[in-house]
Amino acid sequence: MKNNERNPIGITIVGIVCLLFFVAFIAYAFMDVPGLEGLLAPVFDLVNPFTTGVYFMGCGLLLTLMYARGGAGATLGMVVAICYLVMAAISLVALLNLHSLTMYGPNVIIVIAGIVIMVQRGRKKRG
């Protein structure tokens, strides 16, 4: 691996935190594990997984797409992108009956920005 293909440590940590948040939310929402609710409830009281949690995860996705390098960075970016899209879909379903779709606006902006970043990186590789 070349030096310029190394994944920055900060970006790796951001990606891992996003993945841990996703796993924690899925476990909290869809699994009936005794004691897990009491352990994760303070985290989800602080960061609402349907709004701010998804927005933070989207910011982590954008950072990963911008700065991750090499094969490990591409894999991390792909996994974070899939987890983000799943969380965004879950939040859309959860927010349909509760709020207006303006709460979903930042997710649309994050997806568009992610597509722009991937197109720009593809152009740099080709040209």
# chains A, B, ... in the order shown; residues from 1 in each chain; ligands from 1
>>> select_by_dssp(residues="chain A", states="alpha helix (DSSP H)", output="PyMOL selection string")
chain A and resi 9-30+36-46+52-67+70-95+105-126
>>> residues_around(residues="Met87 of chain A", least_positions_apart="5", cutoff="8 Å", atoms="only C-alpha atoms", output="VMD selection string")
chain A and resid 22 50 54
>>> write_last_selection(atoms="N, CA and C atoms", output="PDB file, in the first residue's frame")
ATOM      1  N   PHE A  22     -25.286   2.618  14.217  1.00  0.00           N
ATOM      2  CA  PHE A  22     -26.254   1.854  13.431  1.00  0.00           C
ATOM      3  C   PHE A  22     -26.583   0.530  14.109  1.00  0.00           C
ATOM      4  N   PHE A  50     -33.825   9.170  14.852  1.00  0.00           N
ATOM      5  CA  PHE A  50     -34.609   9.423  13.648  1.00  0.00           C
ATOM      6  C   PHE A  50     -34.315  10.787  13.024  1.00  0.00           C
ATOM      7  N   VAL A  54     -29.455  10.444  12.453  1.00  0.00           N
ATOM      8  CA  VAL A  54     -29.290  10.189  11.011  1.00  0.00           C
ATOM      9  C   VAL A  54     -28.474  11.306  10.372  1.00  0.00           C
TER      10      VAL A  54
END
>>> closest_residue(among="A:Gly38, A:Pro49, A:Pro106, A:Gly114", to="Thr64 of chain A", atoms="only C-alpha atoms")
A:Gly114
>>> residues_around(residues="segment 74-84 of chain A", least_positions_apart="6", cutoff="12 Å", atoms="only C-alpha atoms", output="JSON, numbers by chain")
{"A": [5, 6, 7, 8, 11, 12, 13, 14, 15, 16, 17, 18, 19, 20, 21, 22, 23, 24, 25, 26, 49, 50, 53, 54, 55, 56, 57, 58, 59, 60, 61, 62, 63, 64, 65, 66, 67, 68, 90, 91, 107, 108, 110, 111, 114, 115, 117, 118, 121]}
>>> atom_distance(atom1="atom CA of Arg123 of chain A", atom2="atom CA of Ala72 of chain A")
20.2 Å
>>> atom_distance(atom1="atom CA of Ala41 of chain A", atom2="atom CA of Ile9 of chain A")
29.0 Å
>>> atom_distance(atom1="atom CA of Ala94 of chain A", atom2="atom CA of Phe30 of chain A")
13.8 Å
